[in-house]
>>> print(open('my_file14.csv').read())   # CSV, C-alpha atoms and all ligand atoms
chain,number,residue,atom,x,y,z
A,1,MET,CA,-38.0,-95.8,7.2
A,2,VAL,CA,-40.9,-96.2,4.9
A,3,GLU,CA,-43.0,-94.6,7.6
A,4,GLN,CA,-40.6,-91.6,7.7
A,5,ILE,CA,-40.8,-91.2,3.9
A,6,LYS,CA,-44.6,-91.2,4.0
A,7,LYS,CA,-44.5,-88.5,6.7
A,8,LEU,CA,-42.2,-86.3,4.6
A,9,GLU,CA,-44.4,-86.9,1.6
A,10,THR,CA,-47.4,-85.6,3.4
A,11,GLU,CA,-45.4,-82.6,4.7
A,12,ILE,CA,-44.2,-81.8,1.2
A,13,ARG,CA,-47.6,-82.0,-0.4
A,14,THR,CA,-49.1,-79.7,2.2
A,15,THR,CA,-46.3,-77.2,1.8
A,16,LEU,CA,-46.6,-77.3,-2.0
A,17,GLY,CA,-50.4,-76.7,-1.7
A,18,ASN,CA,-49.7,-73.5,0.4
A,19,ILE,CA,-47.1,-71.9,-1.8
A,20,LYS,CA,-48.3,-68.5,-3.1
A,21,ASP,CA,-45.3,-66.9,-4.8
A,22,ALA,CA,-41.8,-67.3,-6.1
A,23,VAL,CA,-40.2,-66.5,-2.7
A,24,GLU,CA,-42.1,-69.2,-0.9
A,25,LEU,CA,-41.3,-71.6,-3.7
A,26,ASP,CA,-37.6,-70.9,-3.3
A,27,LEU,CA,-37.8,-71.5,0.5
A,28,PHE,CA,-39.4,-74.9,-0.4
A,29,ARG,CA,-36.4,-75.7,-2.7
A,30,LEU,CA,-34.0,-74.8,0.0
A,31,LYS,CA,-35.7,-76.9,2.6
A,32,TYR,CA,-36.4,-80.1,0.6
A,33,LEU,CA,-34.5,-80.2,-2.7
A,34,VAL,CA,-30.9,-79.0,-2.1
A,35,LYS,CA,-28.0,-81.3,-1.3
A,36,LYS,CA,-28.5,-80.7,2.4
A,37,GLY,CA,-32.3,-80.8,2.2
A,38,SER,CA,-34.7,-83.2,3.8
A,39,ILE,CA,-35.0,-85.6,0.9
A,40,ALA,CA,-31.2,-85.9,0.5
A,41,ALA,CA,-31.0,-86.5,4.3
A,42,LEU,CA,-33.3,-89.6,4.0
A,43,PHE,CA,-31.1,-90.9,1.1
A,44,GLU,CA,-28.2,-90.5,3.4
A,45,GLN,CA,-30.0,-92.5,6.1
A,46,MET,CA,-30.8,-95.3,3.7
A,47,LYS,CA,-27.2,-96.5,4.1
A,48,ASP,CA,-28.1,-97.7,7.6
A,49,ALA,CA,-31.4,-99.4,6.7
A,50,PRO,CA,-31.6,-103.3,6.9
A,51,PRO,CA,-30.6,-104.8,3.5
A,52,SER,CA,-34.1,-106.3,3.0
A,53,GLU,CA,-35.7,-102.9,3.3
A,54,LYS,CA,-33.3,-101.1,1.0
A,55,PRO,CA,-35.0,-101.7,-2.4
A,56,ILE,CA,-38.4,-100.5,-1.1
A,57,VAL,CA,-36.9,-97.5,0.7
A,58,GLY,CA,-35.0,-96.6,-2.5
A,59,ARG,CA,-38.0,-96.9,-4.7
A,60,GLU,CA,-40.2,-94.8,-2.3
A,61,LEU,CA,-37.5,-92.1,-1.9
A,62,ASN,CA,-36.9,-91.8,-5.7
A,63,LEU,CA,-40.6,-91.5,-6.2
A,64,LEU,CA,-40.9,-88.7,-3.6
A,65,ARG,CA,-37.9,-86.9,-5.1
A,66,HIS,CA,-39.5,-87.1,-8.5
A,67,ILE,CA,-42.9,-85.8,-7.3
A,68,ALA,CA,-41.2,-82.9,-5.3
A,69,GLU,CA,-39.0,-81.9,-8.2
A,70,SER,CA,-41.7,-81.9,-10.9
A,71,GLU,CA,-44.2,-80.0,-8.8
A,72,TYR,CA,-41.5,-77.5,-8.0
A,73,LYS,CA,-40.7,-77.1,-11.8
A,74,GLU,CA,-44.4,-76.6,-12.6
A,75,LEU,CA,-44.9,-74.0,-10.0
A,76,LYS,CA,-41.7,-72.2,-11.0
A,77,GLU,CA,-43.0,-71.9,-14.6
A,78,LYS,CA,-46.3,-70.7,-13.4
A,79,PHE,CA,-44.7,-67.9,-11.3
A,80,ASN,CA,-42.4,-66.9,-14.2
A,81,SER,CA,-45.0,-66.6,-16.8
A,82,SER,CA,-47.2,-64.4,-14.6
A,83,SER,CA,-44.3,-62.1,-13.5
A,84,PRO,CA,-45.2,-58.4,-13.7
A,85,ALA,CA,-42.8,-57.7,-16.6
A,86,LYS,CA,-44.5,-60.2,-18.8
A,87,LYS,CA,-48.0,-59.3,-17.7
A,88,GLN,CA,-47.6,-55.7,-18.8
A,89,ILE,CA,-47.1,-56.3,-22.5
A,90,ASP,CA,-50.0,-54.6,-24.2
A,91,LEU,CA,-50.2,-55.7,-27.8
A,92,THR,CA,-52.6,-53.0,-28.7
A,93,LEU,CA,-50.0,-50.2,-28.1
A,94,PRO,CA,-48.5,-48.6,-31.2
A,95,GLY,CA,-44.9,-49.6,-32.0
A,96,ARG,CA,-41.9,-47.4,-31.6
A,97,THR,CA,-41.0,-45.4,-34.6
A,98,HIS,CA,-37.4,-44.9,-35.7
A,99,PHE,CA,-36.7,-41.9,-37.9
A,100,THR,CA,-34.4,-42.5,-40.7
A,101,GLY,CA,-31.7,-39.9,-41.2
A,102,THR,CA,-31.8,-37.5,-44.1
A,103,PHE,CA,-29.3,-35.3,-45.9
A,104,HIS,CA,-28.7,-31.9,-44.3
A,105,PRO,CA,-30.5,-29.1,-46.2
A,106,THR,CA,-27.1,-27.4,-46.9
A,107,LEU,CA,-25.7,-30.6,-48.4
A,108,ARG,CA,-28.8,-31.1,-50.4
A,109,THR,CA,-28.5,-27.6,-51.9
A,110,MET,CA,-24.9,-28.3,-52.6
A,111,ASP,CA,-25.7,-31.5,-54.4
A,112,GLU,CA,-28.4,-29.9,-56.4
A,113,MET,CA,-26.2,-27.0,-57.5
A,114,ILE,CA,-23.5,-29.5,-58.5
A,115,ASP,CA,-26.0,-31.5,-60.5
A,116,ILE,CA,-27.1,-28.4,-62.4
A,117,PHE,CA,-23.6,-27.2,-63.1
A,118,THR,CA,-22.4,-30.7,-64.2
A,119,GLU,CA,-25.4,-30.8,-66.6
A,120,LEU,CA,-24.1,-27.5,-68.0
A,121,GLY,CA,-20.7,-29.1,-68.6
A,122,PHE,CA,-18.7,-28.2,-65.5
A,123,GLY,CA,-16.3,-30.6,-63.8
A,124,VAL,CA,-15.8,-30.7,-60.0
A,125,ALA,CA,-12.6,-29.8,-58.2
A,126,GLU,CA,-11.6,-29.5,-54.6
A,127,GLY,CA,-8.8,-27.7,-52.6
A,128,PRO,CA,-7.5,-27.8,-49.0
A,129,ASP,CA,-9.4,-26.1,-46.1
A,130,ILE,CA,-6.1,-24.9,-44.7
A,131,GLU,CA,-4.5,-22.6,-47.2
A,132,ASP,CA,-1.4,-20.4,-47.4
A,133,GLY,CA,-1.6,-16.6,-47.7
A,134,TYR,CA,-0.3,-16.9,-51.3
A,135,HIS,CA,-3.3,-18.9,-52.7
A,136,ASN,CA,-5.9,-17.2,-50.5
A,137,PHE,CA,-4.8,-13.6,-51.1
A,138,ASP,CA,-1.7,-12.8,-53.2
A,139,ALA,CA,-2.4,-14.9,-56.2
A,140,LEU,CA,-6.0,-13.6,-56.2
A,141,ASN,CA,-4.7,-10.0,-56.6
A,142,PHE,CA,-5.4,-8.9,-53.1
A,143,PRO,CA,-3.1,-5.9,-52.3
A,144,PRO,CA,-0.8,-6.4,-49.3
A,145,ASP,CA,-2.8,-4.1,-47.2
A,146,HIS,CA,-6.2,-5.5,-48.0
A,147,PRO,CA,-8.5,-5.5,-44.9
A,148,ALA,CA,-9.5,-9.1,-45.5
A,149,ARG,CA,-6.0,-10.2,-44.4
A,150,ASP,CA,-6.7,-8.5,-41.0
A,151,MET,CA,-6.7,-10.7,-37.9
A,152,GLN,CA,-10.3,-9.6,-37.5
A,153,ASP,CA,-11.5,-11.4,-40.7
A,154,THR,CA,-9.2,-14.4,-41.1
A,155,PHE,CA,-8.4,-17.3,-38.8
A,156,PHE,CA,-4.7,-17.7,-38.9
A,157,ILE,CA,-2.9,-20.9,-37.8
A,158,LYS,CA,-1.0,-19.9,-34.7
A,159,SER,CA,2.1,-22.0,-35.2
A,160,ASP,CA,2.7,-20.8,-38.8
A,161,LYS,CA,2.0,-17.2,-39.7
A,162,ASP,CA,1.5,-18.1,-43.4
A,163,LEU,CA,-1.2,-20.7,-42.9
A,164,LEU,CA,-4.8,-19.9,-42.5
A,165,LEU,CA,-8.3,-21.3,-42.8
A,166,ARG,CA,-9.4,-20.3,-46.3
A,167,THR,CA,-11.8,-17.4,-46.2
A,168,HIS,CA,-13.4,-18.4,-49.6
A,169,THR,CA,-13.2,-21.1,-52.2
A,170,SER,CA,-11.5,-18.7,-54.8
A,171,PRO,CA,-8.0,-20.1,-54.0
A,172,VAL,CA,-9.0,-23.4,-55.6
A,173,GLN,CA,-9.2,-21.4,-58.9
A,174,ILE,CA,-5.4,-20.9,-58.7
A,175,ARG,CA,-4.8,-24.5,-57.8
A,176,VAL,CA,-6.9,-25.7,-60.8
A,177,MET,CA,-5.2,-23.3,-63.2
A,178,GLN,CA,-1.8,-24.5,-62.1
A,179,ASN,CA,-2.8,-28.1,-62.7
A,180,GLN,CA,-4.9,-28.0,-65.8
A,181,LYS,CA,-4.6,-26.5,-69.3
A,182,PRO,CA,-7.4,-24.4,-70.7
A,183,PRO,CA,-10.2,-24.8,-71.7
A,184,ILE,CA,-11.1,-25.1,-68.0
A,185,ARG,CA,-14.7,-25.4,-66.9
A,186,CYS,CA,-15.2,-26.4,-63.3
A,187,ILE,CA,-16.9,-25.8,-60.0
A,188,MET,CA,-15.2,-26.0,-56.6
A,189,PRO,CA,-17.5,-26.7,-53.6
A,190,GLY,CA,-16.2,-26.5,-50.1
A,191,ARG,CA,-16.2,-25.1,-46.5
A,192,VAL,CA,-14.9,-21.6,-45.7
A,193,TYR,CA,-14.1,-19.8,-42.5
A,194,ARG,CA,-14.3,-16.2,-41.3
A,195,ASN,CA,-13.6,-14.6,-38.0
A,196,GLU,CA,-17.1,-13.0,-38.0
A,197,ALA,CA,-19.7,-12.3,-35.4
A,198,ILE,CA,-22.4,-14.9,-35.6
A,199,ASN,CA,-25.9,-13.6,-36.3
A,200,ALA,CA,-29.1,-14.3,-38.2
A,201,ARG,CA,-27.3,-13.6,-41.5
A,202,SER,CA,-23.8,-14.8,-41.1
A,203,LEU,CA,-21.8,-17.7,-39.6
A,204,ALA,CA,-18.1,-18.1,-38.9
A,205,GLU,CA,-18.0,-21.4,-40.9
A,206,PHE,CA,-20.1,-21.9,-44.0
A,207,HIS,CA,-20.0,-23.3,-47.6
A,208,GLN,CA,-19.4,-21.9,-51.0
A,209,ILE,CA,-19.4,-23.1,-54.6
A,210,GLU,CA,-16.8,-21.5,-56.8
A,211,GLY,CA,-17.0,-21.6,-60.6
A,212,LEU,CA,-14.4,-21.0,-63.2
A,213,TYR,CA,-14.4,-21.0,-67.0
A,214,ILE,CA,-11.3,-20.2,-69.0
A,215,ASN,CA,-11.0,-20.4,-72.8
A,216,LYS,CA,-10.2,-18.1,-75.7
A,217,LYS,CA,-12.5,-15.1,-76.1
A,218,VAL,CA,-14.8,-15.8,-73.1
A,219,SER,CA,-17.3,-12.9,-72.7
A,220,LEU,CA,-19.3,-11.3,-69.9
A,221,ALA,CA,-22.4,-12.3,-71.9
A,222,GLU,CA,-21.5,-16.0,-71.4
A,223,LEU,CA,-21.1,-15.4,-67.6
A,224,LYS,CA,-24.5,-13.8,-67.5
A,225,GLY,CA,-26.1,-16.4,-69.6
A,226,THR,CA,-24.7,-19.3,-67.6
A,227,LEU,CA,-25.7,-17.8,-64.2
A,228,MET,CA,-29.2,-17.1,-65.5
A,229,VAL,CA,-29.7,-20.6,-66.8
A,230,PHE,CA,-28.5,-21.9,-63.4
A,231,ALA,CA,-30.6,-19.5,-61.4
A,232,LYS,CA,-33.8,-20.3,-63.3
A,233,LYS,CA,-33.2,-24.1,-62.9
A,234,MET,CA,-32.5,-23.7,-59.2
A,235,TYR,CA,-35.3,-21.2,-58.3
A,236,GLY,CA,-37.8,-21.7,-61.0
A,237,GLU,CA,-38.7,-19.8,-64.2
A,238,ASN,CA,-40.7,-17.1,-62.3
A,239,SER,CA,-38.0,-15.9,-60.0
A,240,SER,CA,-36.4,-12.5,-60.9
A,241,PHE,CA,-32.7,-11.6,-60.8
A,242,ARG,CA,-30.5,-8.6,-61.4
A,243,PHE,CA,-26.8,-8.1,-61.9
A,244,ARG,CA,-25.3,-5.3,-59.9
A,245,PRO,CA,-21.8,-3.8,-60.5
A,246,SER,CA,-19.5,-4.6,-57.6
A,247,PHE,CA,-15.8,-5.0,-56.8
A,248,PHE,CA,-13.6,-8.0,-56.1
A,249,PRO,CA,-9.8,-7.9,-56.4
A,250,PHE,CA,-9.7,-11.1,-58.6
A,251,THR,CA,-12.3,-10.0,-61.2
A,252,GLU,CA,-12.6,-7.1,-63.6
A,253,PRO,CA,-15.3,-6.1,-64.2
A,254,SER,CA,-17.1,-7.5,-61.1
A,255,ALA,CA,-20.8,-8.0,-60.4
A,256,GLU,CA,-23.1,-9.4,-57.8
A,257,LEU,CA,-26.2,-11.5,-58.7
A,258,ASP,CA,-29.3,-10.7,-56.7
A,259,ILE,CA,-32.6,-12.5,-56.4
A,260,THR,CA,-35.9,-11.0,-55.3
A,261,CYS,CA,-36.3,-11.4,-51.5
A,262,TYR,CA,-38.2,-14.6,-50.7
A,263,LEU,CA,-39.8,-13.1,-47.6
A,264,CYS,CA,-41.2,-9.8,-48.9
A,265,HIS,CA,-41.1,-10.5,-52.6
A,266,GLY,CA,-39.5,-7.2,-53.3
A,267,ALA,CA,-41.5,-5.0,-51.0
A,268,GLY,CA,-38.6,-4.6,-48.5
A,269,CYS,CA,-38.1,-6.3,-45.1
A,270,ARG,CA,-35.6,-7.1,-42.3
A,271,ILE,CA,-34.0,-10.0,-44.2
A,272,CYS,CA,-33.2,-8.0,-47.4
A,273,LYS,CA,-32.4,-4.9,-45.4
A,274,HIS,CA,-35.4,-3.2,-47.0
A,275,SER,CA,-33.9,-3.3,-50.5
A,276,GLY,CA,-36.2,-6.1,-51.8
A,277,TRP,CA,-33.2,-8.0,-53.1
A,278,LEU,CA,-30.9,-10.6,-51.7
A,279,GLU,CA,-27.3,-11.2,-52.9
A,280,ILE,CA,-26.6,-14.8,-53.9
A,281,ALA,CA,-23.4,-14.7,-55.8
A,282,GLY,CA,-20.3,-12.7,-56.7
A,283,CYS,CA,-18.9,-12.9,-60.2
A,284,GLY,CA,-16.9,-11.3,-62.9
A,285,MET,CA,-14.2,-11.6,-65.6
A,286,VAL,CA,-11.0,-13.2,-64.2
A,287,HIS,CA,-8.4,-10.5,-63.6
A,288,PRO,CA,-5.3,-10.8,-65.8
A,289,ASN,CA,-3.1,-10.9,-62.7
A,290,VAL,CA,-5.0,-13.9,-61.5
A,291,LEU,CA,-4.6,-15.7,-64.9
A,292,ARG,CA,-0.9,-15.0,-64.7
A,293,ALA,CA,-0.6,-16.4,-61.2
A,294,GLY,CA,-2.3,-19.5,-62.5
A,295,GLY,CA,0.3,-19.8,-65.3
A,296,ILE,CA,-2.2,-18.8,-68.0
A,297,ASP,CA,-1.4,-16.1,-70.6
A,298,PRO,CA,-4.0,-13.3,-70.4
A,299,GLU,CA,-3.2,-12.2,-74.0
A,300,VAL,CA,-4.5,-15.5,-75.3
A,301,TYR,CA,-7.1,-16.6,-72.7
A,302,SER,CA,-9.9,-14.9,-70.8
A,303,GLY,CA,-12.4,-16.3,-68.3
A,304,TYR,CA,-15.2,-15.7,-65.9
A,305,ALA,CA,-15.5,-16.8,-62.3
A,306,PHE,CA,-18.3,-16.8,-59.7
A,307,GLY,CA,-18.9,-17.8,-56.1
A,308,PHE,CA,-22.2,-18.7,-54.4
A,309,GLY,CA,-22.8,-18.9,-50.7
A,310,ILE,CA,-24.6,-22.2,-50.2
A,311,GLU,CA,-26.3,-21.4,-46.9
A,312,ARG,CA,-27.7,-18.2,-48.4
A,313,VAL,CA,-29.2,-20.3,-51.2
A,314,THR,CA,-30.5,-22.8,-48.7
A,315,LEU,CA,-32.3,-20.1,-46.8
A,316,LEU,CA,-34.0,-18.9,-50.0
A,317,ARG,CA,-35.2,-22.4,-50.8
A,318,THR,CA,-36.4,-23.4,-47.4
A,319,GLY,CA,-37.8,-20.1,-46.2
A,320,ILE,CA,-35.7,-20.3,-43.0
A,321,ASP,CA,-35.1,-16.7,-41.8
A,322,ASP,CA,-32.2,-17.3,-39.4
A,323,ILE,CA,-29.0,-19.0,-40.7
A,324,ARG,CA,-28.2,-20.3,-37.2
A,325,LEU,CA,-31.2,-22.6,-37.3
A,326,LEU,CA,-29.4,-24.7,-40.0
A,327,TYR,CA,-26.7,-25.7,-37.5
A,328,ASP,CA,-28.5,-25.8,-34.1
A,329,ASN,CA,-29.2,-29.4,-35.1
A,330,ASP,CA,-32.8,-29.3,-33.8
A,331,VAL,CA,-34.5,-32.2,-35.6
A,332,ARG,CA,-37.8,-30.4,-35.5
A,333,VAL,CA,-36.3,-28.0,-37.9
A,334,LEU,CA,-34.2,-30.3,-40.0
A,335,ARG,CA,-36.8,-33.0,-40.3
A,336,GLN,CA,-39.0,-30.6,-42.4
A,337,PHE,CA,-36.6,-30.6,-45.4
B,401,LIG,N1,-14.7,-15.1,-53.1
B,401,LIG,C1,-15.8,-14.2,-53.0
B,401,LIG,C2,-16.3,-14.1,-51.6
B,401,LIG,O1,-16.0,-15.0,-50.8
B,401,LIG,C3,-17.0,-14.6,-53.9
B,401,LIG,C4,-16.6,-14.4,-55.4
B,401,LIG,C5,-16.9,-13.2,-56.0
B,401,LIG,C6,-16.1,-15.5,-56.1
B,401,LIG,C7,-16.6,-13.1,-57.3
B,401,LIG,C8,-15.7,-15.3,-57.4
B,401,LIG,C9,-16.0,-14.1,-58.0
B,401,LIG,O2,-15.2,-16.3,-58.1
B,401,LIG,O3,-15.7,-14.0,-59.3
B,401,LIG,O4,-17.0,-13.2,-51.2
>>> encode(input="my_file14.csv", output="structure tokens")
Amino acid sequence: MVEQIKKLETEIRTTLGNIKDAVELDLFRLKYLVKKGSIAALFEQMKDAPPSEKPIVGRELNLLRHIAESEYKELKEKFNSSSPAKKQIDLTLPGRTHFTGTFHPTLRTMDEMIDIFTELGFGVAEGPDIEDGYHNFDALNFPPDHPARDMQDTFFIKSDKDLLLRTHTSPVQIRVMQNQKPPIRCIMPGRVYRNEAINARSLAEFHQIEGLYINKKVSLAELKGTLMVFAKKMYGENSSFRFRPSFFPFTEPSAELDITCYLCHGAGCRICKHSGWLEIAGCGMVHPNVLRAGGIDPEVYSGYAFGFGIERVTLLRTGIDDIRLLYDNDVRVLRQF
């Protein structure tokens, strides 16, 4: 038997010397090292060896198994560490960069506007996106046949004719008046919805910040003063503004606040429809009917209100000339701000 063991040892050594890759190494394992392999077969045969030979045969066989297994392990490690996947690591390559998220430009504008108004003493209030016709229109002094109620302009909730997606943040004024006693000084940021064609200047879903101040003897001069302080803080001391008479059902008198066009600086261009000015807010003195709807006596109190479109303000600050770019979610655009 010792003879047989020596023969197998020579065979194993030669085979090991010729192994070139992991596949050949595995064939080696299957031939010699597994339970039904050649080494195990000799162990099996040992049972029939004469008792005097058994200790030597056992020692020789154990030795052979040990040699075969440790050589196998060594080769296995060698083939693993030189496998293609590991070889290809190039430590000189630059690492992968992960961009951290940032606030969306619209949200940033909104936060900044809220900061300025809170500094000026305004609190912050919110109302529901799904409104009823009363808060969105009637309480704000819209006549029953006002075109804004038209199916063309307002998204109505199908299952309930009286529910709609609010078309502006002004209904929050009514909710605040119904819940607080004057003096009231707050802003109301939020999302608004209009059934409008989407183009470079308008979206069907956008954001507004509403403002409301109610006290005894509030004057138009205070409205003008507050908006000018805000606008200069937001756009810088050098920007120029104008108040232009306008009409809203919920204010009397009403005005619009314009800023010099950021693209043409007043010369006239496509963005400002060649007027040199861009409208950034509607405002006015709160209509007595609106005060009444809010449970406030117009004989005792007066107030002013205003509403800014946040996307419009964001375009002015970023120089983006198409409002749709804000929501295309192209990181190449958003990453710049
Ligand atoms: N709600 C108006 C709109 O969506 C904006 C507005 C104008 C709000 C005048 C006001 C205001 O509070 O006084 O176009």
>>> residues_near_ligand(input="my_file14.csv", ligand="ligand LIG 401 (chain B)", cutoff="6 Å", atoms="all atoms listed in the file", output="list in words")
His168, Ser170, Glu210, Thr251, Gly282, Cys283, Gly284, Ala305, Phe306 and Gly307 of chain A
>>> closest_residue(input="my_file14.csv", among="A:Val313, A:Met234, A:Ile56, A:Asn289", to="Pro143 (chain A)", atoms="all atoms listed in the file")
A:Asn289
>>> atom_distance(input="my_file14.csv", atom1="CA of Val23 (chain A)", atom2="CA of Phe79 (chain A)")
9.8 Å
>>> closest_residue(input="my_file14.csv", among="A:Val229, A:Ile89, A:Leu163, A:Leu8", to="Asn136 (chain A)", atoms="only C-alpha atoms")
A:Leu163
>>> closest_residue(input="my_file14.csv", among="A:Thr260, A:Gln45, A:Thr97, A:Ser81", to="Ser240 (chain A)", atoms="all atoms listed in the file")
A:Thr260
>>> residues_around(input="my_file14.csv", residues="His146 (chain A)", least_positions_apart="4", cutoff="10 Å", atoms="only C-alpha atoms", output="ChimeraX atom specification")
/A:137,141-142,150,249
>>> atom_distance(input="my_file14.csv", atom1="CA of Cys261 (chain A)", atom2="CA of Ile320 (chain A)")
12.3 Å
>>> closest_residue(input="my_file14.csv", among="A:Leu315, A:Val57, A:Ala255, A:Ile310", to="Ile5 (chain A)", atoms="all atoms listed in the file")
A:Val57
>>> closest_residue(input="my_file14.csv", among="A:Ala281, A:Ile19, A:Ile209, A:Leu326", to="Lys224 (chain A)", atoms="only C-alpha atoms")
A:Ala281
>>> closest_residue(input="my_file14.csv", among="A:Phe117, A:Phe206, A:Asn179, A:Phe103", to="Asp129 (chain A)", atoms="all atoms listed in the file")
A:Phe206
>>> atom_distance(input="my_file14.csv", atom1="CA of Leu278 (chain A)", atom2="CA of Gly266 (chain A)")
9.4 Å
>>> residues_around(input="my_file14.csv", residues="Ser246 (chain A)", least_positions_apart="4", cutoff="8 Å", atoms="all atoms listed in the file", output="list in words")
Pro253, Ser254, Ala255 and Glu256 of chain A
>>> build_atoms(input="my_file14.csv", residues="region 212-219 of chain A", atoms="all heavy atoms", output="compact mmCIF listing (two decimals), in the coordinates of the input")
# COMPACT_ATOMS: atom_id res chain seq x y z
N LEU A 212 -15.42 -21.57 -62.40
CA LEU A 212 -14.40 -21.00 -63.20
C LEU A 212 -14.49 -21.52 -64.65
O LEU A 212 -14.63 -22.73 -64.85
CB LEU A 212 -12.99 -21.36 -62.65
CG LEU A 212 -11.76 -20.84 -63.41
CD1 LEU A 212 -11.65 -19.31 -63.30
CD2 LEU A 212 -10.48 -21.49 -62.86
N TYR A 213 -14.46 -20.57 -65.62
CA TYR A 213 -14.40 -21.00 -67.00
C TYR A 213 -13.36 -20.21 -67.73
O TYR A 213 -13.36 -18.98 -67.72
CB TYR A 213 -15.81 -20.73 -67.67
CG TYR A 213 -15.82 -21.05 -69.17
CD1 TYR A 213 -15.31 -22.26 -69.64
CD2 TYR A 213 -16.34 -20.14 -70.09
CE1 TYR A 213 -15.32 -22.55 -71.00
CE2 TYR A 213 -16.35 -20.43 -71.46
CZ TYR A 213 -15.83 -21.64 -71.90
OH TYR A 213 -15.84 -21.92 -73.24
N ILE A 214 -12.41 -20.89 -68.32
CA ILE A 214 -11.30 -20.20 -69.00
C ILE A 214 -11.17 -20.81 -70.41
O ILE A 214 -11.12 -22.04 -70.58
CB ILE A 214 -9.99 -20.39 -68.25
CG1 ILE A 214 -10.19 -19.76 -66.88
CG2 ILE A 214 -8.83 -19.75 -69.02
CD1 ILE A 214 -9.01 -19.38 -66.14
N ASN A 215 -11.16 -19.91 -71.37
CA ASN A 215 -11.00 -20.40 -72.80
C ASN A 215 -10.58 -19.16 -73.60
O ASN A 215 -10.37 -18.06 -73.03
CB ASN A 215 -12.37 -20.91 -73.26
CG ASN A 215 -12.18 -21.96 -74.35
OD1 ASN A 215 -11.12 -22.04 -74.97
ND2 ASN A 215 -13.22 -22.73 -74.58
N LYS A 216 -10.48 -19.31 -74.91
CA LYS A 216 -10.20 -18.10 -75.70
C LYS A 216 -11.47 -17.35 -75.92
O LYS A 216 -12.53 -17.95 -76.15
CB LYS A 216 -9.63 -18.59 -77.08
CG LYS A 216 -8.21 -19.14 -76.95
CD LYS A 216 -7.68 -19.69 -78.23
CE LYS A 216 -6.28 -20.21 -77.99
NZ LYS A 216 -5.83 -21.18 -78.98
N LYS A 217 -11.38 -16.04 -75.80
CA LYS A 217 -12.50 -15.10 -76.10
C LYS A 217 -13.78 -15.43 -75.22
O LYS A 217 -14.88 -15.47 -75.76
CB LYS A 217 -12.89 -15.17 -77.54
CG LYS A 217 -11.78 -14.65 -78.44
CD LYS A 217 -12.31 -14.49 -79.85
CE LYS A 217 -11.18 -14.06 -80.76
NZ LYS A 217 -11.07 -14.87 -81.97
N VAL A 218 -13.61 -15.65 -73.94
CA VAL A 218 -14.80 -15.80 -73.10
C VAL A 218 -15.35 -14.42 -72.81
O VAL A 218 -14.61 -13.47 -72.58
CB VAL A 218 -14.42 -16.48 -71.73
CG1 VAL A 218 -15.63 -16.56 -70.82
CG2 VAL A 218 -13.84 -17.87 -71.98
N SER A 219 -16.68 -14.28 -72.89
CA SER A 219 -17.30 -12.90 -72.70
C SER A 219 -18.13 -12.85 -71.48
O SER A 219 -18.57 -13.85 -70.92
CB SER A 219 -18.11 -12.61 -73.95
OG SER A 219 -19.28 -13.39 -73.92
